[in-house]
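Shown next: entry34.cif, containing mmCIF, N, CA, C and O atoms.
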data_data
#
loop_
_atom_site.label_atom_id
_atom_site.label_comp_id
_atom_site.auth_asym_id
_atom_site.auth_seq_id
_atom_site.Cartn_x
_atom_site.Cartn_y
_atom_site.Cartn_z
N MET A 9 20.19 -6.08 19.30
CA MET A 9 20.39 -5.01 18.34
C MET A 9 19.06 -4.32 18.08
O MET A 9 18.04 -4.97 17.87
N SER A 10 19.06 -3.03 18.09
CA SER A 10 17.87 -2.23 17.85
C SER A 10 17.70 -1.97 16.35
O SER A 10 18.67 -1.59 15.68
N LEU A 11 16.50 -2.20 15.84
CA LEU A 11 16.23 -1.99 14.42
C LEU A 11 15.23 -0.86 14.24
O LEU A 11 14.34 -0.67 15.07
N PRO A 12 15.36 -0.11 13.14
CA PRO A 12 14.41 0.98 12.88
C PRO A 12 13.05 0.45 12.42
O PRO A 12 12.96 -0.68 11.94
N TYR A 13 12.05 1.28 12.57
CA TYR A 13 10.72 0.98 12.05
C TYR A 13 10.51 1.71 10.73
O TYR A 13 10.92 2.86 10.58
N LYS A 14 9.87 1.03 9.79
CA LYS A 14 9.39 1.67 8.57
C LYS A 14 7.87 1.50 8.58
O LYS A 14 7.35 0.47 9.02
N VAL A 15 7.18 2.52 8.12
CA VAL A 15 5.72 2.52 8.09
C VAL A 15 5.27 2.63 6.64
O VAL A 15 5.80 3.45 5.89
N ALA A 16 4.31 1.80 6.27
CA ALA A 16 3.85 1.78 4.88
C ALA A 16 2.35 1.51 4.82
O ALA A 16 1.72 1.20 5.84
N THR A 17 1.81 1.64 3.62
CA THR A 17 0.40 1.37 3.37
C THR A 17 0.26 0.31 2.29
O THR A 17 1.13 0.16 1.44
N LEU A 18 -0.83 -0.42 2.33
CA LEU A 18 -1.25 -1.31 1.26
C LEU A 18 -2.71 -1.00 0.99
O LEU A 18 -3.50 -0.84 1.92
N LEU A 19 -3.07 -0.92 -0.29
CA LEU A 19 -4.44 -0.57 -0.67
C LEU A 19 -5.08 -1.71 -1.45
O LEU A 19 -4.53 -2.17 -2.46
N TYR A 20 -6.21 -2.14 -0.97
CA TYR A 20 -6.99 -3.13 -1.70
C TYR A 20 -8.05 -2.41 -2.51
O TYR A 20 -8.96 -1.80 -1.96
N CYS A 21 -7.88 -2.46 -3.84
CA CYS A 21 -8.82 -1.83 -4.77
C CYS A 21 -9.58 -2.94 -5.48
O CYS A 21 -8.99 -3.94 -5.89
N PHE A 22 -10.88 -2.73 -5.65
CA PHE A 22 -11.72 -3.73 -6.29
C PHE A 22 -12.41 -3.14 -7.52
O PHE A 22 -12.74 -1.96 -7.55
N SER A 23 -12.64 -4.00 -8.50
CA SER A 23 -13.41 -3.60 -9.67
C SER A 23 -14.90 -3.66 -9.35
O SER A 23 -15.29 -4.16 -8.28
N GLU A 24 -15.70 -3.21 -10.27
CA GLU A 24 -17.15 -3.29 -10.10
C GLU A 24 -17.64 -4.74 -10.04
O GLU A 24 -18.74 -5.00 -9.61
N ARG A 25 -16.78 -5.68 -10.49
CA ARG A 25 -17.11 -7.12 -10.43
C ARG A 25 -16.44 -7.79 -9.23
O ARG A 25 -16.32 -9.01 -9.18
N ASP A 26 -15.96 -6.97 -8.26
CA ASP A 26 -15.30 -7.44 -7.05
C ASP A 26 -14.01 -8.21 -7.30
O ASP A 26 -13.63 -9.08 -6.52
N GLU A 27 -13.30 -7.88 -8.37
CA GLU A 27 -11.97 -8.43 -8.62
C GLU A 27 -10.97 -7.51 -7.93
O GLU A 27 -11.09 -6.30 -7.97
N VAL A 28 -9.97 -8.11 -7.30
CA VAL A 28 -8.96 -7.31 -6.60
C VAL A 28 -7.84 -6.93 -7.58
O VAL A 28 -7.45 -7.74 -8.42
N LEU A 29 -7.37 -5.71 -7.48
CA LEU A 29 -6.29 -5.23 -8.33
C LEU A 29 -4.95 -5.50 -7.64
O LEU A 29 -4.73 -5.06 -6.51
N LEU A 30 -4.07 -6.23 -8.33
CA LEU A 30 -2.73 -6.50 -7.84
C LEU A 30 -1.73 -6.01 -8.86
O LEU A 30 -1.99 -6.04 -10.07
N LEU A 31 -0.56 -5.59 -8.38
CA LEU A 31 0.51 -5.12 -9.24
C LEU A 31 1.69 -6.06 -9.12
O LEU A 31 2.01 -6.53 -8.02
N GLU A 32 2.37 -6.32 -10.25
CA GLU A 32 3.59 -7.12 -10.18
C GLU A 32 4.73 -6.22 -9.73
O GLU A 32 5.00 -5.19 -10.35
N ARG A 33 5.37 -6.57 -8.62
CA ARG A 33 6.42 -5.73 -8.05
C ARG A 33 7.63 -5.69 -8.97
O ARG A 33 8.13 -6.71 -9.40
N ALA A 34 8.09 -4.45 -9.25
CA ALA A 34 9.24 -4.24 -10.14
C ALA A 34 10.54 -4.07 -9.37
O ALA A 34 11.60 -4.01 -9.97
N GLN A 35 10.45 -3.93 -8.04
CA GLN A 35 11.66 -3.74 -7.25
C GLN A 35 11.58 -4.52 -5.95
O GLN A 35 10.52 -4.99 -5.56
N GLU A 36 12.72 -4.66 -5.30
CA GLU A 36 12.77 -5.36 -4.02
C GLU A 36 12.14 -4.49 -2.93
O GLU A 36 12.17 -3.28 -3.05
N PRO A 37 11.57 -5.04 -1.90
CA PRO A 37 11.50 -6.47 -1.66
C PRO A 37 10.42 -7.14 -2.50
O PRO A 37 9.49 -6.47 -2.97
N ASN A 38 10.54 -8.41 -2.67
CA ASN A 38 9.52 -9.24 -3.33
C ASN A 38 9.34 -8.94 -4.81
O ASN A 38 8.24 -9.09 -5.35
N ARG A 39 10.41 -8.53 -5.50
CA ARG A 39 10.32 -8.26 -6.94
C ARG A 39 9.81 -9.49 -7.67
O ARG A 39 10.19 -10.61 -7.37
N GLY A 40 8.89 -9.26 -8.61
CA GLY A 40 8.30 -10.35 -9.38
C GLY A 40 7.06 -10.95 -8.76
O GLY A 40 6.36 -11.72 -9.41
N PHE A 41 6.78 -10.62 -7.51
CA PHE A 41 5.57 -11.11 -6.85
C PHE A 41 4.43 -10.12 -7.06
O PHE A 41 4.64 -8.96 -7.39
N TRP A 42 3.20 -10.59 -6.83
CA TRP A 42 2.01 -9.75 -6.99
C TRP A 42 1.60 -9.20 -5.63
O TRP A 42 1.60 -9.93 -4.63
N SER A 43 1.23 -7.92 -5.61
CA SER A 43 0.94 -7.24 -4.35
C SER A 43 -0.09 -6.15 -4.60
O SER A 43 -0.18 -5.60 -5.70
N PRO A 44 -0.84 -5.78 -3.55
CA PRO A 44 -1.66 -4.57 -3.67
C PRO A 44 -0.75 -3.36 -3.83
O PRO A 44 0.44 -3.42 -3.48
N CYS A 45 -1.27 -2.27 -4.34
CA CYS A 45 -0.44 -1.07 -4.44
C CYS A 45 -0.24 -0.50 -3.04
O CYS A 45 -0.95 -0.82 -2.11
N GLY A 46 0.74 0.35 -2.92
CA GLY A 46 1.04 0.98 -1.64
C GLY A 46 2.49 1.40 -1.60
O GLY A 46 3.22 1.26 -2.58
N GLY A 47 2.90 1.90 -0.45
CA GLY A 47 4.28 2.33 -0.32
C GLY A 47 4.56 2.95 1.03
O GLY A 47 3.68 3.03 1.89
N LYS A 48 5.79 3.39 1.18
CA LYS A 48 6.27 3.93 2.46
C LYS A 48 5.75 5.35 2.71
O LYS A 48 5.66 6.16 1.79
N LEU A 49 5.46 5.62 3.97
CA LEU A 49 5.10 6.97 4.40
C LEU A 49 6.32 7.88 4.30
O LEU A 49 7.44 7.45 4.54
N HIS A 50 6.08 9.13 3.98
CA HIS A 50 7.11 10.17 4.06
C HIS A 50 7.08 10.69 5.50
O HIS A 50 6.54 11.76 5.77
N MET A 51 7.65 9.92 6.41
CA MET A 51 7.57 10.26 7.84
C MET A 51 8.32 11.54 8.15
O MET A 51 7.93 12.27 9.06
N ASP A 52 9.38 11.82 7.40
CA ASP A 52 10.14 13.05 7.64
C ASP A 52 9.32 14.30 7.34
O ASP A 52 9.62 15.38 7.82
N GLU A 53 8.24 14.13 6.55
CA GLU A 53 7.33 15.23 6.22
C GLU A 53 6.08 15.22 7.09
O GLU A 53 5.20 16.06 6.91
N GLY A 54 5.98 14.23 7.98
CA GLY A 54 4.80 14.13 8.84
C GLY A 54 3.58 13.59 8.11
O GLY A 54 2.45 13.82 8.53
N GLU A 55 3.78 12.86 7.02
CA GLU A 55 2.67 12.33 6.23
C GLU A 55 1.90 11.28 7.04
O GLU A 55 2.50 10.43 7.70
N SER A 56 0.59 11.34 6.99
CA SER A 56 -0.24 10.37 7.69
C SER A 56 -0.42 9.13 6.82
O SER A 56 -0.26 9.18 5.59
N PRO A 57 -0.80 7.99 7.41
CA PRO A 57 -1.09 6.81 6.61
C PRO A 57 -2.20 7.05 5.57
O PRO A 57 -2.12 6.56 4.44
N TYR A 58 -3.21 7.82 5.93
CA TYR A 58 -4.30 8.11 4.99
C TYR A 58 -3.80 8.93 3.80
O TYR A 58 -4.13 8.65 2.65
N THR A 59 -3.00 9.95 4.08
CA THR A 59 -2.47 10.78 3.01
C THR A 59 -1.52 9.97 2.13
O THR A 59 -1.53 10.10 0.90
N CYS A 60 -0.72 9.12 2.75
CA CYS A 60 0.17 8.24 2.00
C CYS A 60 -0.62 7.33 1.07
O CYS A 60 -0.25 7.16 -0.10
N ALA A 61 -1.70 6.76 1.55
CA ALA A 61 -2.52 5.86 0.74
C ALA A 61 -3.07 6.59 -0.49
O ALA A 61 -3.05 6.06 -1.60
N CYS A 62 -3.53 7.81 -0.29
CA CYS A 62 -4.05 8.61 -1.41
C CYS A 62 -2.95 8.90 -2.42
O CYS A 62 -3.15 8.79 -3.64
N ARG A 63 -1.77 9.28 -1.92
CA ARG A 63 -0.63 9.60 -2.79
C ARG A 63 -0.21 8.36 -3.58
O ARG A 63 0.00 8.42 -4.80
N GLU A 64 -0.09 7.23 -2.92
CA GLU A 64 0.33 6.00 -3.58
C GLU A 64 -0.67 5.55 -4.64
O GLU A 64 -0.29 5.06 -5.70
N ALA A 65 -1.97 5.69 -4.37
CA ALA A 65 -2.98 5.33 -5.36
C ALA A 65 -2.81 6.15 -6.63
O ALA A 65 -2.91 5.63 -7.74
N TYR A 66 -2.49 7.42 -6.46
CA TYR A 66 -2.30 8.28 -7.63
C TYR A 66 -0.99 7.95 -8.33
O TYR A 66 -0.94 7.84 -9.56
N GLU A 67 0.09 7.78 -7.57
CA GLU A 67 1.40 7.50 -8.17
C GLU A 67 1.44 6.15 -8.88
O GLU A 67 1.99 6.03 -9.97
N GLU A 68 0.87 5.13 -8.27
CA GLU A 68 0.99 3.77 -8.81
C GLU A 68 -0.14 3.39 -9.76
O GLU A 68 0.05 2.54 -10.62
N LEU A 69 -1.32 3.98 -9.56
CA LEU A 69 -2.49 3.59 -10.36
C LEU A 69 -3.02 4.71 -11.24
O LEU A 69 -3.82 4.46 -12.13
N GLY A 70 -2.63 5.96 -10.93
CA GLY A 70 -3.21 7.09 -11.65
C GLY A 70 -4.64 7.35 -11.24
O GLY A 70 -5.40 8.00 -11.96
N VAL A 71 -5.02 6.87 -10.07
CA VAL A 71 -6.39 7.00 -9.56
C VAL A 71 -6.41 7.99 -8.40
O VAL A 71 -5.66 7.82 -7.44
N ALA A 72 -7.26 9.01 -8.50
CA ALA A 72 -7.40 9.97 -7.41
C ALA A 72 -8.32 9.36 -6.35
O ALA A 72 -9.47 9.04 -6.63
N VAL A 73 -7.78 9.21 -5.15
CA VAL A 73 -8.52 8.65 -4.02
C VAL A 73 -8.52 9.70 -2.92
O VAL A 73 -7.48 10.27 -2.60
N ALA A 74 -9.67 9.95 -2.34
CA ALA A 74 -9.80 10.89 -1.22
C ALA A 74 -9.86 10.10 0.09
O ALA A 74 -10.25 8.92 0.10
N ILE A 75 -9.50 10.75 1.17
CA ILE A 75 -9.50 10.08 2.47
C ILE A 75 -10.85 9.42 2.80
O ILE A 75 -10.86 8.28 3.28
N PRO A 76 -12.01 10.05 2.51
CA PRO A 76 -13.27 9.36 2.80
C PRO A 76 -13.50 8.09 1.97
O PRO A 76 -14.34 7.27 2.32
N ASP A 77 -12.71 7.90 0.88
CA ASP A 77 -12.81 6.68 0.07
C ASP A 77 -12.12 5.49 0.73
O ASP A 77 -12.24 4.36 0.25
N LEU A 78 -11.36 5.73 1.81
CA LEU A 78 -10.55 4.69 2.44
C LEU A 78 -11.22 4.13 3.69
O LEU A 78 -11.80 4.87 4.47
N HIS A 79 -11.09 2.82 3.85
CA HIS A 79 -11.54 2.15 5.07
C HIS A 79 -10.36 1.37 5.62
O HIS A 79 -9.83 0.45 4.96
N LEU A 80 -9.89 1.73 6.83
CA LEU A 80 -8.80 1.02 7.46
C LEU A 80 -9.29 -0.36 7.89
O LEU A 80 -10.19 -0.47 8.72
N THR A 81 -8.72 -1.40 7.29
CA THR A 81 -9.19 -2.75 7.58
C THR A 81 -8.26 -3.53 8.50
O THR A 81 -8.66 -4.56 9.03
N GLY A 82 -7.03 -3.05 8.68
CA GLY A 82 -6.15 -3.77 9.57
C GLY A 82 -4.74 -3.20 9.60
O GLY A 82 -4.40 -2.30 8.83
N LEU A 83 -3.94 -3.73 10.50
CA LEU A 83 -2.53 -3.38 10.65
C LEU A 83 -1.72 -4.66 10.65
O LEU A 83 -2.15 -5.67 11.22
N VAL A 84 -0.56 -4.61 10.02
CA VAL A 84 0.35 -5.74 10.01
C VAL A 84 1.67 -5.26 10.57
O VAL A 84 2.18 -4.21 10.17
N SER A 85 2.23 -6.02 11.49
CA SER A 85 3.52 -5.69 12.07
C SER A 85 4.49 -6.82 11.75
O SER A 85 4.21 -7.99 12.06
N GLU A 86 5.59 -6.49 11.10
CA GLU A 86 6.63 -7.47 10.81
C GLU A 86 7.85 -7.13 11.66
O GLU A 86 8.34 -6.01 11.63
N HIS A 87 8.31 -8.11 12.40
CA HIS A 87 9.42 -7.90 13.33
C HIS A 87 10.72 -8.37 12.69
O HIS A 87 10.85 -9.53 12.29
N GLY A 88 11.69 -7.46 12.56
CA GLY A 88 13.02 -7.83 12.08
C GLY A 88 13.06 -8.37 10.67
O GLY A 88 13.79 -9.32 10.39
N TYR A 89 12.29 -7.78 9.74
CA TYR A 89 12.24 -8.25 8.35
C TYR A 89 13.65 -8.28 7.76
O TYR A 89 14.34 -7.26 7.73
N GLN A 90 14.07 -9.43 7.30
CA GLN A 90 15.39 -9.69 6.73
C GLN A 90 16.52 -9.17 7.62
O GLN A 90 17.59 -8.79 7.16
N GLY A 91 16.26 -9.11 8.93
CA GLY A 91 17.25 -8.67 9.89
C GLY A 91 17.62 -7.20 9.78
O GLY A 91 18.60 -6.76 10.37
N GLN A 92 16.81 -6.42 9.03
CA GLN A 92 17.17 -5.03 8.77
C GLN A 92 16.22 -4.00 9.39
O GLN A 92 16.65 -2.90 9.72
N THR A 93 14.95 -4.32 9.49
CA THR A 93 13.99 -3.32 9.93
C THR A 93 12.71 -3.98 10.43
O THR A 93 12.43 -5.13 10.13
N HIS A 94 11.96 -3.23 11.21
CA HIS A 94 10.60 -3.63 11.57
C HIS A 94 9.66 -2.86 10.63
O HIS A 94 9.96 -1.74 10.24
N TRP A 95 8.52 -3.46 10.29
CA TRP A 95 7.53 -2.80 9.43
C TRP A 95 6.20 -2.70 10.15
O TRP A 95 5.80 -3.63 10.85
N LEU A 96 5.53 -1.59 9.95
CA LEU A 96 4.15 -1.41 10.38
C LEU A 96 3.37 -1.03 9.13
O LEU A 96 3.64 0.01 8.52
N LEU A 97 2.46 -1.89 8.70
CA LEU A 97 1.70 -1.70 7.46
C LEU A 97 0.24 -1.41 7.77
O LEU A 97 -0.40 -2.17 8.51
N PHE A 98 -0.27 -0.33 7.22
CA PHE A 98 -1.68 0.03 7.33
C PHE A 98 -2.40 -0.51 6.10
O PHE A 98 -2.06 -0.16 4.98
N LEU A 99 -3.38 -1.39 6.32
CA LEU A 99 -4.15 -1.98 5.22
C LEU A 99 -5.45 -1.20 5.03
O LEU A 99 -6.24 -1.07 5.96
N PHE A 100 -5.63 -0.70 3.82
CA PHE A 100 -6.83 0.06 3.49
C PHE A 100 -7.59 -0.62 2.37
O PHE A 100 -7.00 -1.16 1.44
N GLU A 101 -8.92 -0.57 2.46
CA GLU A 101 -9.76 -0.92 1.33
C GLU A 101 -10.25 0.38 0.71
O GLU A 101 -10.71 1.28 1.43
N VAL A 102 -10.14 0.47 -0.60
CA VAL A 102 -10.68 1.63 -1.32
C VAL A 102 -12.15 1.34 -1.56
O VAL A 102 -12.49 0.37 -2.25
N ARG A 103 -13.01 2.13 -0.95
CA ARG A 103 -14.46 1.87 -1.00
C ARG A 103 -15.04 2.05 -2.40
O ARG A 103 -15.96 1.35 -2.79
N ARG A 104 -14.51 3.01 -3.15
CA ARG A 104 -15.02 3.27 -4.49
C ARG A 104 -14.49 2.20 -5.44
O ARG A 104 -13.30 1.95 -5.52
N LYS A 105 -15.38 1.54 -6.14
CA LYS A 105 -15.00 0.48 -7.07
C LYS A 105 -14.40 1.09 -8.34
O LYS A 105 -14.83 2.16 -8.80
N LEU A 106 -13.42 0.41 -8.92
CA LEU A 106 -12.79 0.86 -10.16
C LEU A 106 -13.62 0.42 -11.34
O LEU A 106 -13.97 -0.77 -11.46
N ALA A 107 -13.92 1.35 -12.23
CA ALA A 107 -14.71 1.04 -13.42
C ALA A 107 -13.86 0.31 -14.47
O ALA A 107 -14.36 -0.47 -15.28
N ALA A 108 -12.54 0.57 -14.45
CA ALA A 108 -11.63 -0.04 -15.42
C ALA A 108 -10.27 -0.26 -14.76
O ALA A 108 -9.92 0.40 -13.79
N VAL A 109 -9.52 -1.18 -15.33
CA VAL A 109 -8.16 -1.42 -14.84
C VAL A 109 -7.29 -0.24 -15.26
O VAL A 109 -7.31 0.16 -16.44
N PRO A 110 -6.54 0.34 -14.33
CA PRO A 110 -5.65 1.46 -14.70
C PRO A 110 -4.61 1.02 -15.73
O PRO A 110 -4.19 -0.14 -15.75
N ALA A 111 -4.21 1.95 -16.58
CA ALA A 111 -3.18 1.67 -17.59
C ALA A 111 -1.86 1.36 -16.90
O ALA A 111 -1.55 1.93 -15.85
N SER A 112 -1.09 0.44 -17.47
CA SER A 112 0.21 0.12 -16.87
C SER A 112 1.22 1.21 -17.19
O SER A 112 1.14 1.88 -18.22
N ALA A 113 2.16 1.40 -16.27
CA ALA A 113 3.16 2.44 -16.44
C ALA A 113 4.29 1.99 -17.32
O ALA A 113 4.58 0.86 -17.48
#

Please render this file's structure as structure tokens.
Amino acid sequence: MSLPYKVATLLYCFSERDEVLLLERAQEPNRGFWSPCGGKLHMDEGESPYTCACREAYEELGVAVAIPDLHLTGLVSEHGYQGQTHWLLFLFEVRRKLAAVPASA
């Protein structure tokens, strides 16, 4: 059986004290678990992984991130996740340190 691919980003943001920022997931998959911020690319719009990472940082953290602030640190490929889809995840480190924890939504 052929499964579709979904493409997403994960962003590792650090404080000035090198603490990593994690968000408690409010929806599936993995609701209730802690994860870096990120989300799915708008592939139908031709969104790039870098542009997606900037958009997700603003949507989830309220932090404006520019493409030069991002460092691609790796790729993760998940095959047949829950028998529904394949995932390709772009892992980015946000080079600019956060001065404060963003307010929760």

message: as a VMD selection string, please: the residues near range 14-26 of chain A (cut-off 4.5 Å, only N, CA, C and O atoms, same-chain neighbours under 4 positions excluded).
response: chain A and resid 44 to 49 94 to 102 104 to 106

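Closest approach to His79 in chain A among A:Arg103, A:Tyr66, A:Glu36, A:Ser43: A:Arg103, based on all atoms listed in the file.
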
- request: Any chance you could list, as a ChimeraX atom specification, the residues in chain A that come up helix (DSSP H, G or I) when DSSP is run on the backbone?
  value: /A:51-53,57-69,75-77

field: Å distance separating atom O of Leu69 in chain A from atom O of Ala111 in chain A, one decimal place
entry: 5.0 Å

- prompt: Separation of CA of Trp42 in chain A and CA of Leu30 in chain A, in Å?
  reply: 5.8 Å

field: Nearest to Leu31 in chain A, chosen from A:Glu68, A:Thr81, A:His87, A:Ala108, with only N, CA, C and O atoms counted in the distances
entry: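 Checking each of A:Glu68, A:Thr81, A:His87, A:Ala108 against Leu31 in chain A, counting only N, CA, C and O atoms, the winner is A:Glu68.
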
task: Return as a list in words the full set of residues in range 35-109 of chain A whose backbone-based DSSP assignment is strand (DSSP E or B).
output: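 The residues of range 35-109 of chain A classed as strand (DSSP E or B) are Trp42, Ser43, Cys45, Gly46, Gly47, Lys48, Leu78, His79, Leu80, Thr81, Gly82, Leu83, Val84, Ser85, Glu86, His87, Gly88, Tyr89, Thr93, His94, Trp95, Leu96, Leu97, Phe98, Leu99, Phe100, Glu101, Val102 and Leu106 of chain A.
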
I need the residues from that last selection saved to file as a CSV table (one decimal), in the frame of the given file (with N, CA, C and O atoms), if you can.
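To be explicit, this is the file written out as selection-v7.csv:
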chain,number,residue,atom,x,y,z
A,42,TRP,N,3.2,-10.6,-6.8
A,42,TRP,CA,2.0,-9.8,-7.0
A,42,TRP,C,1.6,-9.2,-5.6
A,42,TRP,O,1.6,-9.9,-4.6
A,43,SER,N,1.2,-7.9,-5.6
A,43,SER,CA,0.9,-7.2,-4.4
A,43,SER,C,-0.1,-6.2,-4.6
A,43,SER,O,-0.2,-5.6,-5.7
A,45,CYS,N,-1.3,-2.3,-4.3
A,45,CYS,CA,-0.4,-1.1,-4.4
A,45,CYS,C,-0.2,-0.5,-3.0
A,45,CYS,O,-1.0,-0.8,-2.1
A,46,GLY,N,0.7,0.4,-2.9
A,46,GLY,CA,1.0,1.0,-1.6
A,46,GLY,C,2.5,1.4,-1.6
A,46,GLY,O,3.2,1.3,-2.6
A,47,GLY,N,2.9,1.9,-0.4
A,47,GLY,CA,4.3,2.3,-0.3
A,47,GLY,C,4.6,3.0,1.0
A,47,GLY,O,3.7,3.0,1.9
A,48,LYS,N,5.8,3.4,1.2
A,48,LYS,CA,6.3,3.9,2.5
A,48,LYS,C,5.8,5.4,2.7
A,48,LYS,O,5.7,6.2,1.8
A,78,LEU,N,-11.4,5.7,1.8
A,78,LEU,CA,-10.6,4.7,2.4
A,78,LEU,C,-11.2,4.1,3.7
A,78,LEU,O,-11.8,4.9,4.5
A,79,HIS,N,-11.1,2.8,3.8
A,79,HIS,CA,-11.5,2.2,5.1
A,79,HIS,C,-10.4,1.4,5.6
A,79,HIS,O,-9.8,0.4,5.0
A,80,LEU,N,-9.9,1.7,6.8
A,80,LEU,CA,-8.8,1.0,7.5
A,80,LEU,C,-9.3,-0.4,7.9
A,80,LEU,O,-10.2,-0.5,8.7
A,81,THR,N,-8.7,-1.4,7.3
A,81,THR,CA,-9.2,-2.8,7.6
A,81,THR,C,-8.3,-3.5,8.5
A,81,THR,O,-8.7,-4.6,9.0
A,82,GLY,N,-7.0,-3.0,8.7
A,82,GLY,CA,-6.2,-3.8,9.6
A,82,GLY,C,-4.7,-3.2,9.6
A,82,GLY,O,-4.4,-2.3,8.8
A,83,LEU,N,-3.9,-3.7,10.5
A,83,LEU,CA,-2.5,-3.4,10.6
A,83,LEU,C,-1.7,-4.7,10.6
A,83,LEU,O,-2.2,-5.7,11.2
A,84,VAL,N,-0.6,-4.6,10.0
A,84,VAL,CA,0.4,-5.7,10.0
A,84,VAL,C,1.7,-5.3,10.6
A,84,VAL,O,2.2,-4.2,10.2
A,85,SER,N,2.2,-6.0,11.5
A,85,SER,CA,3.5,-5.7,12.1
A,85,SER,C,4.5,-6.8,11.8
A,85,SER,O,4.2,-8.0,12.1
A,86,GLU,N,5.6,-6.5,11.1
A,86,GLU,CA,6.6,-7.5,10.8
A,86,GLU,C,7.8,-7.1,11.7
A,86,GLU,O,8.3,-6.0,11.6
A,87,HIS,N,8.3,-8.1,12.4
A,87,HIS,CA,9.4,-7.9,13.3
A,87,HIS,C,10.7,-8.4,12.7
A,87,HIS,O,10.8,-9.5,12.3
A,88,GLY,N,11.7,-7.5,12.6
A,88,GLY,CA,13.0,-7.8,12.1
A,88,GLY,C,13.1,-8.4,10.7
A,88,GLY,O,13.8,-9.3,10.4
A,89,TYR,N,12.3,-7.8,9.7
A,89,TYR,CA,12.2,-8.2,8.4
A,89,TYR,C,13.6,-8.3,7.8
A,89,TYR,O,14.3,-7.3,7.7
A,93,THR,N,15.0,-4.3,9.5
A,93,THR,CA,14.0,-3.3,9.9
A,93,THR,C,12.7,-4.0,10.4
A,93,THR,O,12.4,-5.1,10.1
A,94,HIS,N,12.0,-3.2,11.2
A,94,HIS,CA,10.6,-3.6,11.6
A,94,HIS,C,9.7,-2.9,10.6
A,94,HIS,O,10.0,-1.7,10.2
A,95,TRP,N,8.5,-3.5,10.3
A,95,TRP,CA,7.5,-2.8,9.4
A,95,TRP,C,6.2,-2.7,10.2
A,95,TRP,O,5.8,-3.6,10.8
A,96,LEU,N,5.5,-1.6,10.0
A,96,LEU,CA,4.2,-1.4,10.4
A,96,LEU,C,3.4,-1.0,9.1
A,96,LEU,O,3.6,0.0,8.5
A,97,LEU,N,2.5,-1.9,8.7
A,97,LEU,CA,1.7,-1.7,7.5
A,97,LEU,C,0.2,-1.4,7.8
A,97,LEU,O,-0.4,-2.2,8.5
A,98,PHE,N,-0.3,-0.3,7.2
A,98,PHE,CA,-1.7,0.0,7.3
A,98,PHE,C,-2.4,-0.5,6.1
A,98,PHE,O,-2.1,-0.2,5.0
A,99,LEU,N,-3.4,-1.4,6.3
A,99,LEU,CA,-4.2,-2.0,5.2
A,99,LEU,C,-5.4,-1.2,5.0
A,99,LEU,O,-6.2,-1.1,6.0
A,100,PHE,N,-5.6,-0.7,3.8
A,100,PHE,CA,-6.8,0.1,3.5
A,100,PHE,C,-7.6,-0.6,2.4
A,100,PHE,O,-7.0,-1.2,1.4
A,101,GLU,N,-8.9,-0.6,2.5
A,101,GLU,CA,-9.8,-0.9,1.3
A,101,GLU,C,-10.2,0.4,0.7
A,101,GLU,O,-10.7,1.3,1.4
A,102,VAL,N,-10.1,0.5,-0.6
A,102,VAL,CA,-10.7,1.6,-1.3
A,102,VAL,C,-12.2,1.3,-1.6
A,102,VAL,O,-12.5,0.4,-2.2
A,106,LEU,N,-13.4,0.4,-8.9
A,106,LEU,CA,-12.8,0.9,-10.2
A,106,LEU,C,-13.6,0.4,-11.3
A,106,LEU,O,-14.0,-0.8,-11.5

Ala72 in chain A surroundings by only C-alpha atoms, 12 Å radius, close-in-sequence under 2 positions cut, as a ChimeraX atom specification: /A:59,61-70,74-78,102,104,106,110

I need range 15-36 of chain A written out with C-alpha atoms, as a PDB file, in the first residue's frame; please produce it.
ATOM      1  CA  VAL A  15       6.596  17.392   5.551  1.00  0.00           C
ATOM      2  CA  ALA A  16       7.045  19.347   8.766  1.00  0.00           C
ATOM      3  CA  THR A  17       9.509  21.387  10.789  1.00  0.00           C
ATOM      4  CA  LEU A  18      10.708  21.260  14.386  1.00  0.00           C
ATOM      5  CA  LEU A  19      12.489  24.233  15.944  1.00  0.00           C
ATOM      6  CA  TYR A  20      14.897  24.052  18.820  1.00  0.00           C
ATOM      7  CA  CYS A  21      14.870  27.405  20.618  1.00  0.00           C
ATOM      8  CA  PHE A  22      17.216  28.110  23.501  1.00  0.00           C
ATOM      9  CA  SER A  23      17.219  30.703  26.260  1.00  0.00           C
ATOM     10  CA  GLU A  24      20.224  32.848  27.063  1.00  0.00           C
ATOM     11  CA  ARG A  25      20.986  30.207  29.755  1.00  0.00           C
ATOM     12  CA  ASP A  26      20.925  27.419  27.098  1.00  0.00           C
ATOM     13  CA  GLU A  27      17.597  25.994  28.291  1.00  0.00           C
ATOM     14  CA  VAL A  28      15.557  24.408  25.509  1.00  0.00           C
ATOM     15  CA  LEU A  29      11.983  25.599  24.982  1.00  0.00           C
ATOM     16  CA  LEU A  30       9.406  22.806  24.768  1.00  0.00           C
ATOM     17  CA  LEU A  31       5.643  23.059  24.337  1.00  0.00           C
ATOM     18  CA  GLU A  32       3.050  20.682  25.748  1.00  0.00           C
ATOM     19  CA  ARG A  33       1.145  19.315  22.747  1.00  0.00           C
ATOM     20  CA  ALA A  34      -2.556  20.194  22.835  1.00  0.00           C
ATOM     21  CA  GLN A  35      -3.567  17.977  19.908  1.00  0.00           C
ATOM     22  CA  GLU A  36      -2.768  14.641  18.326  1.00  0.00           C
TER      23      GLU A  36
END
